[in-house]
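> Below is the file target02.csv, which contains CSV, C-alpha atoms and all ligand atoms.
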chain,number,residue,atom,x,y,z
L,63,MET,CA,25.6,55.7,6.3
L,64,THR,CA,22.9,57.5,4.3
L,65,ASP,CA,23.7,58.0,0.6
L,66,ILE,CA,24.1,61.7,0.4
L,67,SER,CA,24.8,61.9,-3.3
L,68,ASP,CA,21.1,62.7,-4.1
L,69,LEU,CA,21.1,65.4,-1.4
L,70,SER,CA,23.9,67.6,-2.9
L,71,ILE,CA,22.8,70.5,-5.0
L,72,TYR,CA,26.2,71.2,-6.6
L,73,GLY,CA,25.9,68.5,-9.3
L,74,LYS,CA,23.1,70.4,-11.0
L,75,ASN,CA,24.7,73.9,-10.6
L,76,PRO,CA,28.5,73.5,-10.4
L,77,LEU,CA,30.8,76.2,-9.1
L,78,ALA,CA,33.7,77.8,-11.0
L,79,LEU,CA,37.0,76.1,-10.1
L,80,PRO,CA,39.2,76.3,-8.2
L,81,ILE,CA,37.2,77.0,-5.0
L,82,GLU,CA,39.4,79.2,-2.9
L,83,GLY,CA,39.5,80.4,0.7
L,84,GLY,CA,41.5,80.9,3.8
L,85,CYS,CA,41.6,82.1,7.4
L,86,ALA,CA,40.8,85.6,8.7
L,87,CYS,CA,44.4,86.9,8.5
L,88,GLY,CA,45.3,85.3,5.2
L,89,GLN,CA,48.2,83.1,6.5
L,90,VAL,CA,46.3,79.9,5.7
L,91,ARG,CA,45.0,79.5,2.2
L,92,TYR,CA,43.5,76.7,0.1
L,93,ALA,CA,42.5,76.0,-3.5
L,94,ILE,CA,40.4,73.0,-4.4
L,95,ASN,CA,40.0,71.8,-7.9
L,96,ALA,CA,36.8,69.8,-7.6
L,97,GLN,CA,33.1,70.3,-7.0
L,98,PRO,CA,31.8,70.0,-3.4
L,99,VAL,CA,30.3,66.7,-2.3
L,100,ILE,CA,27.7,68.5,-0.1
L,101,GLY,CA,27.2,71.6,2.0
L,102,LEU,CA,25.9,71.0,5.5
L,103,ILE,CA,25.0,72.6,8.8
L,104,CYS,CA,26.0,70.7,12.0
L,105,SER,CA,24.6,71.5,15.4
L,106,CYS,CA,26.5,68.8,17.3
L,107,ASN,CA,28.0,69.8,20.7
L,108,TYR,CA,31.5,70.1,19.3
L,109,CYS,CA,30.4,72.3,16.4
L,110,GLN,CA,28.7,74.6,18.9
L,111,LYS,CA,31.8,74.8,21.1
L,112,LEU,CA,34.2,75.2,18.2
L,113,SER,CA,32.2,77.8,16.4
L,114,GLY,CA,31.4,79.8,19.4
L,115,THR,CA,27.7,79.8,18.4
L,116,GLY,CA,24.9,77.4,17.6
L,117,HIS,CA,26.2,75.4,14.7
L,118,GLY,CA,29.0,74.8,12.3
L,119,ALA,CA,28.6,75.3,8.5
L,120,PHE,CA,30.8,73.2,6.2
L,121,LEU,CA,31.5,72.3,2.6
L,122,VAL,CA,32.7,68.7,2.0
L,123,LEU,CA,35.1,68.3,-0.9
L,124,PRO,CA,37.5,65.6,-2.3
L,125,ALA,CA,40.8,65.8,-0.2
L,126,ALA,CA,42.9,64.8,-3.2
L,127,ALA,CA,41.9,67.9,-5.1
L,128,ALA,CA,42.9,70.3,-2.3
L,129,GLU,CA,46.1,72.4,-2.2
L,130,LEU,CA,46.7,73.7,1.3
L,131,GLN,CA,49.2,76.5,2.4
L,132,GLY,CA,50.1,78.0,5.7
L,133,GLU,CA,50.9,77.0,9.2
L,134,THR,CA,48.0,75.4,11.2
L,135,ASN,CA,47.4,74.2,14.7
L,136,ASP,CA,45.2,71.2,15.0
L,137,TRP,CA,43.1,69.3,17.5
L,138,THR,CA,41.8,65.8,17.2
L,139,TYR,CA,38.8,64.4,19.2
L,140,VAL,CA,36.3,61.6,19.0
L,141,ALA,CA,33.2,63.1,17.3
L,142,ASP,CA,29.6,62.2,18.1
L,143,SER,CA,29.7,59.9,15.0
L,144,GLY,CA,32.2,57.7,16.9
L,145,GLY,CA,35.0,58.6,14.4
L,146,THR,CA,37.9,61.0,14.9
L,147,SER,CA,37.7,64.6,13.8
L,148,THR,CA,40.8,66.7,13.4
L,149,ARG,CA,40.2,70.5,13.2
L,150,TYR,CA,42.8,72.8,11.7
L,151,PHE,CA,43.1,76.4,12.8
L,152,CYS,CA,45.3,79.2,11.6
L,153,ALA,CA,48.4,79.3,13.8
L,154,GLN,CA,48.3,83.1,13.7
L,155,CYS,CA,44.6,84.2,13.9
L,156,HIS,CA,43.2,80.9,15.1
L,157,ALA,CA,40.2,80.9,12.7
L,158,PRO,CA,38.9,77.4,12.0
L,159,VAL,CA,39.6,76.7,8.3
L,160,TYR,CA,39.2,72.9,7.6
L,161,ALA,CA,38.8,69.5,9.2
L,162,LYS,CA,39.4,65.9,8.4
L,163,LEU,CA,37.3,63.0,9.5
L,164,GLY,CA,38.6,59.6,10.4
L,165,LEU,CA,35.6,57.9,8.9
L,166,HIS,CA,35.8,59.8,5.6
L,167,PRO,CA,39.6,60.0,4.8
L,168,ASP,CA,38.9,60.9,1.2
L,169,GLY,CA,37.2,64.2,2.2
L,170,ILE,CA,38.2,67.6,3.4
L,171,VAL,CA,35.7,69.6,5.3
L,172,VAL,CA,36.2,73.4,4.9
L,173,THR,CA,34.3,76.0,7.0
L,174,ALA,CA,31.7,78.0,5.0
L,175,ALA,CA,33.1,81.2,6.4
L,176,SER,CA,36.6,80.4,5.1
L,177,LEU,CA,35.4,80.6,1.5
L,178,ASP,CA,36.5,83.7,-0.4
L,179,ASP,CA,33.1,83.8,-1.9
L,180,ARG,CA,30.8,82.8,0.9
L,181,ALA,CA,27.8,82.7,-1.5
L,182,GLN,CA,29.3,79.5,-2.8
L,183,PHE,CA,28.1,77.8,0.3
L,184,ARG,CA,24.7,76.1,-0.5
L,185,PRO,CA,23.7,73.8,2.4
L,186,SER,CA,21.3,71.0,1.8
L,187,VAL,CA,21.3,69.1,5.0
L,188,ALA,CA,21.2,69.9,8.8
L,189,LEU,CA,22.8,67.4,11.1
L,190,TYR,CA,22.5,66.8,14.9
L,191,GLU,CA,19.3,68.8,15.0
L,192,ALA,CA,18.4,67.0,18.3
L,193,ASP,CA,21.3,69.1,19.8
L,194,ALA,CA,20.3,72.4,18.2
L,195,GLN,CA,19.6,75.4,20.4
L,196,GLY,CA,16.2,77.1,20.3
L,197,TRP,CA,17.9,80.4,19.8
L,198,ASP,CA,19.8,79.2,16.8
L,199,ARG,CA,17.3,78.9,14.0
L,200,VAL,CA,18.4,76.6,11.1
L,201,ASP,CA,16.6,77.0,7.8
L,202,PRO,CA,13.6,74.6,7.9
L,203,ALA,CA,13.9,74.0,4.2
L,204,LEU,CA,17.1,71.9,4.8
L,205,ARG,CA,16.7,68.2,5.1
L,206,SER,CA,17.4,67.6,8.8
L,207,PHE,CA,18.7,64.6,10.7
L,208,ALA,CA,18.5,64.1,14.5
L,209,ALA,CA,22.1,62.9,14.5
L,210,GLY,CA,24.7,62.3,11.8
L,211,LEU,CA,24.3,60.8,8.4
L,301,ZN,ZN,45.0,83.4,10.0
L,302,ZN,ZN,29.2,68.9,14.3
Let me see whether you can do it: turn the structure in this file into structure tokens.

Amino acid sequence: MTDISDLSIYGKNPLALPIEGGCACGQVRYAINAQPVIGLICSCNYCQKLSGTGHGAFLVLPAAAAELQGETNDWTYVADSGGTSTRYFCAQCHAPVYAKLGLHPDGIVVTAASLDDRAQFRPSVALYEADAQGWDRVDPALRSFAAGL
């Protein structure tokens, strides 16, 4: 795995804590008392299917710092990385809120759109660019990878 610590832009410009967010209806909520590890765009096939558009946008944070509330439904599949991914959706409005990756059990991956303050999302990498759609333009300033990290 590529060392991503030098790619994160949160270390130089940290966010006010806790980082809070939730689903569309407010039934699922989270508060995370730690700085993000990294913000990323992912254009893999599953992120396209699960977002309903060309890519997913996620913030990776330390799972141990996360307080989660509300009832979720979840779905686990084998991701393109070869590891499992479990996606958690609000049981009421079905918005995707967070995910957990089998290969990175210390992390929690929250959707950028679930953030109360969506300006807190500052992506620095774009993954699975080889699968990206021509109609879905990802910021060329991001460091891009053909597949995962
Ligand atoms: Zn909801
Ligand atoms: Zn993806």
> My list of candidates is L:Cys152, L:Ala203, L:Leu177, L:Leu121. Which is closest to ligand ZN 301 (chain L) when distances are computed with only C-alpha atoms and all ligand atoms?
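For ligand ZN 301 (chain L), the nearest of the given residues is L:Cys152.
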> Nearest to Pro185 (chain L): which of L:Gly101, L:Pro158, L:Gly132, L:Pro202 is it, counting all atoms listed in the file?
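Comparing L:Gly101, L:Pro158, L:Gly132, L:Pro202 against Pro185 (chain L), the winner is L:Gly101.
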> As a PyMOL selection string, please: every protein or nucleic acid residue near ligand ZN 302 (chain L) (cut-off 8 Å, counting only C-alpha atoms and all ligand atoms).
chain L and resi 103-110+117-118+141-142+189-190
> Separation of CA of Ala128 (chain L) and CA of Leu69 (chain L), in Å?
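Answer for the CA of Ala128 (chain L) to CA of Leu69 (chain L) separation: 22.4 Å.
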> Between L:Ala157, L:Ala126, L:Pro167, L:Arg199, which has the minimum distance to Gly145 (chain L) (counting all atoms listed in the file)?
L:Pro167
> Between CA of Leu77 (chain L) and CA of Gln182 (chain L), what is the spacing in Å?
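Going from CA of Gln182 (chain L) over to CA of Leu77 (chain L) covers 7.3 Å.
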> Go ahead and compute the interatomic distance for CA of Asp168 (chain L) and CA of Leu123 (chain L), in Å to one decimal.
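CA of Leu123 (chain L) lies 8.6 Å from CA of Asp168 (chain L).
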> Can you work out which one of L:Phe120, L:His156, L:Ala125, L:Tyr72 has the shortest atom-to-atom distance to Cys87 (chain L), counting only C-alpha atoms?
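Under the stated criterion, the closest residue is L:His156.
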> Collect all residues with atoms no farther than 12 Å from ligand ZN 301 (chain L), counting all atoms listed in the file, and output them as a list in words.
Gly83, Gly84, Cys85, Ala86, Cys87, Gly88, Gln89, Val90, Arg91, Gln131, Gly132, Glu133, Thr134, Asn135, Tyr150, Phe151, Cys152, Ala153, Gln154, Cys155, His156, Ala157, Pro158, Val159 and Ser176 of chain L
> At a cut-off of 9 Å from (28.5, 78.7, -4.2) in the coordinates of the file, what residues are picked up using only C-alpha atoms, written as a PyMOL selection string?
chain L and resi 72+75-78+81+179-184
> List as a PyMOL selection string the protein and nucleic acid residues near Arg149 (chain L), meaning an atom at most 7 Å away when all atoms listed in the file are counted, but skip any in the same chain fewer than 4 places from it.
chain L and resi 136-138+160-162
> Using all atoms listed in the file, which of the listed residues (L:Ala209, L:Ala188, L:Ile170, L:Leu79) sits closest to Gly144 (chain L)?
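Going through L:Ala209, L:Ala188, L:Ile170, L:Leu79 one by one, the smallest distance to Gly144 (chain L) is for L:Ala209.
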> Is it possible to dump region 65-90 of chain L as a tab-separated table (two decimals), in the first residue's frame, including just N, CA, C and O atoms?

chain	number	residue	atom	x	y	z
L	65	ASP	N	2.09	4.83	0.95
L	65	ASP	CA	2.01	5.65	2.17
L	65	ASP	C	1.25	6.93	1.82
L	65	ASP	O	1.70	7.73	1.00
L	66	ILE	N	0.08	7.09	2.44
L	66	ILE	CA	-0.75	8.24	2.10
L	66	ILE	C	-0.59	9.40	3.06
L	66	ILE	O	-1.20	10.45	2.88
L	67	SER	N	0.26	9.22	4.08
L	67	SER	CA	0.34	10.27	5.09
L	67	SER	C	0.82	11.59	4.50
L	67	SER	O	0.38	12.67	4.93
L	68	ASP	N	1.68	11.54	3.49
L	68	ASP	CA	2.17	12.78	2.89
L	68	ASP	C	1.16	13.38	1.91
L	68	ASP	O	1.34	14.49	1.42
L	69	LEU	N	0.09	12.63	1.61
L	69	LEU	CA	-0.91	13.13	0.66
L	69	LEU	C	-2.04	13.88	1.34
L	69	LEU	O	-2.76	14.64	0.71
L	70	SER	N	-2.22	13.64	2.64
L	70	SER	CA	-3.33	14.29	3.35
L	70	SER	C	-3.03	15.76	3.55
L	70	SER	O	-1.90	16.14	3.85
L	71	ILE	N	-4.08	16.60	3.38
L	71	ILE	CA	-3.86	18.03	3.58
L	71	ILE	C	-4.45	18.51	4.89
L	71	ILE	O	-4.43	19.69	5.19
L	72	TYR	N	-4.93	17.58	5.72
L	72	TYR	CA	-5.53	17.99	6.99
L	72	TYR	C	-4.49	18.28	8.07
L	72	TYR	O	-4.75	19.06	8.97
L	73	GLY	N	-3.32	17.65	7.97
L	73	GLY	CA	-2.30	17.85	9.00
L	73	GLY	C	-1.86	19.30	9.11
L	73	GLY	O	-1.65	19.82	10.20
L	74	LYS	N	-1.77	19.97	7.95
L	74	LYS	CA	-1.31	21.37	7.93
L	74	LYS	C	-2.42	22.35	8.28
L	74	LYS	O	-2.16	23.50	8.62
L	75	ASN	N	-3.67	21.90	8.14
L	75	ASN	CA	-4.81	22.81	8.29
L	75	ASN	C	-5.95	22.05	8.95
L	75	ASN	O	-6.95	21.72	8.32
L	76	PRO	N	-5.81	21.74	10.26
L	76	PRO	CA	-6.77	20.85	10.91
L	76	PRO	C	-8.16	21.46	11.05
L	76	PRO	O	-8.33	22.68	11.06
L	77	LEU	N	-9.15	20.57	11.17
L	77	LEU	CA	-10.54	20.97	11.35
L	77	LEU	C	-10.85	21.14	12.83
L	77	LEU	O	-10.21	20.54	13.68
L	78	ALA	N	-11.87	21.96	13.12
L	78	ALA	CA	-12.41	22.02	14.48
L	78	ALA	C	-13.09	20.69	14.80
L	78	ALA	O	-13.77	20.12	13.95
L	79	LEU	N	-12.89	20.22	16.03
L	79	LEU	CA	-13.47	18.94	16.43
L	79	LEU	C	-14.63	19.17	17.40
L	79	LEU	O	-14.62	20.15	18.15
L	80	PRO	N	-15.60	18.26	17.48
L	80	PRO	CA	-15.71	17.06	16.67
L	80	PRO	C	-16.22	17.35	15.26
L	80	PRO	O	-16.86	18.37	15.03
L	81	ILE	N	-15.94	16.42	14.37
L	81	ILE	CA	-16.49	16.46	13.01
L	81	ILE	C	-17.84	15.76	13.08
L	81	ILE	O	-17.94	14.63	13.54
L	82	GLU	N	-18.89	16.47	12.66
L	82	GLU	CA	-20.24	15.91	12.82
L	82	GLU	C	-20.95	15.79	11.49
L	82	GLU	O	-20.71	16.56	10.56
L	83	GLY	N	-21.85	14.80	11.45
L	83	GLY	CA	-22.62	14.61	10.24
L	83	GLY	C	-23.72	13.60	10.45
L	83	GLY	O	-23.97	13.13	11.57
L	84	GLY	N	-24.39	13.25	9.35
L	84	GLY	CA	-25.48	12.29	9.43
L	84	GLY	C	-26.13	12.10	8.07
L	84	GLY	O	-25.65	12.60	7.05
L	85	CYS	N	-27.26	11.38	8.11
L	85	CYS	CA	-27.98	11.04	6.89
L	85	CYS	C	-28.88	12.21	6.46
L	85	CYS	O	-28.87	13.27	7.07
L	86	ALA	N	-29.71	11.97	5.45
L	86	ALA	CA	-30.59	13.03	4.94
L	86	ALA	C	-31.71	13.35	5.91
L	86	ALA	O	-32.13	14.51	6.03
L	87	CYS	N	-32.24	12.34	6.62
L	87	CYS	CA	-33.41	12.57	7.49
L	87	CYS	C	-33.02	12.88	8.92
L	87	CYS	O	-33.87	13.30	9.71
L	88	GLY	N	-31.75	12.67	9.29
L	88	GLY	CA	-31.29	12.99	10.64
L	88	GLY	C	-31.37	11.85	11.63
L	88	GLY	O	-30.96	11.98	12.79
L	89	GLN	N	-31.86	10.69	11.21
L	89	GLN	CA	-31.97	9.54	12.11
L	89	GLN	C	-30.59	8.99	12.47
L	89	GLN	O	-30.35	8.58	13.61
L	90	VAL	N	-29.67	8.94	11.49
L	90	VAL	CA	-28.29	8.49	11.75
L	90	VAL	C	-27.42	9.72	11.92
L	90	VAL	O	-27.47	10.65	11.12
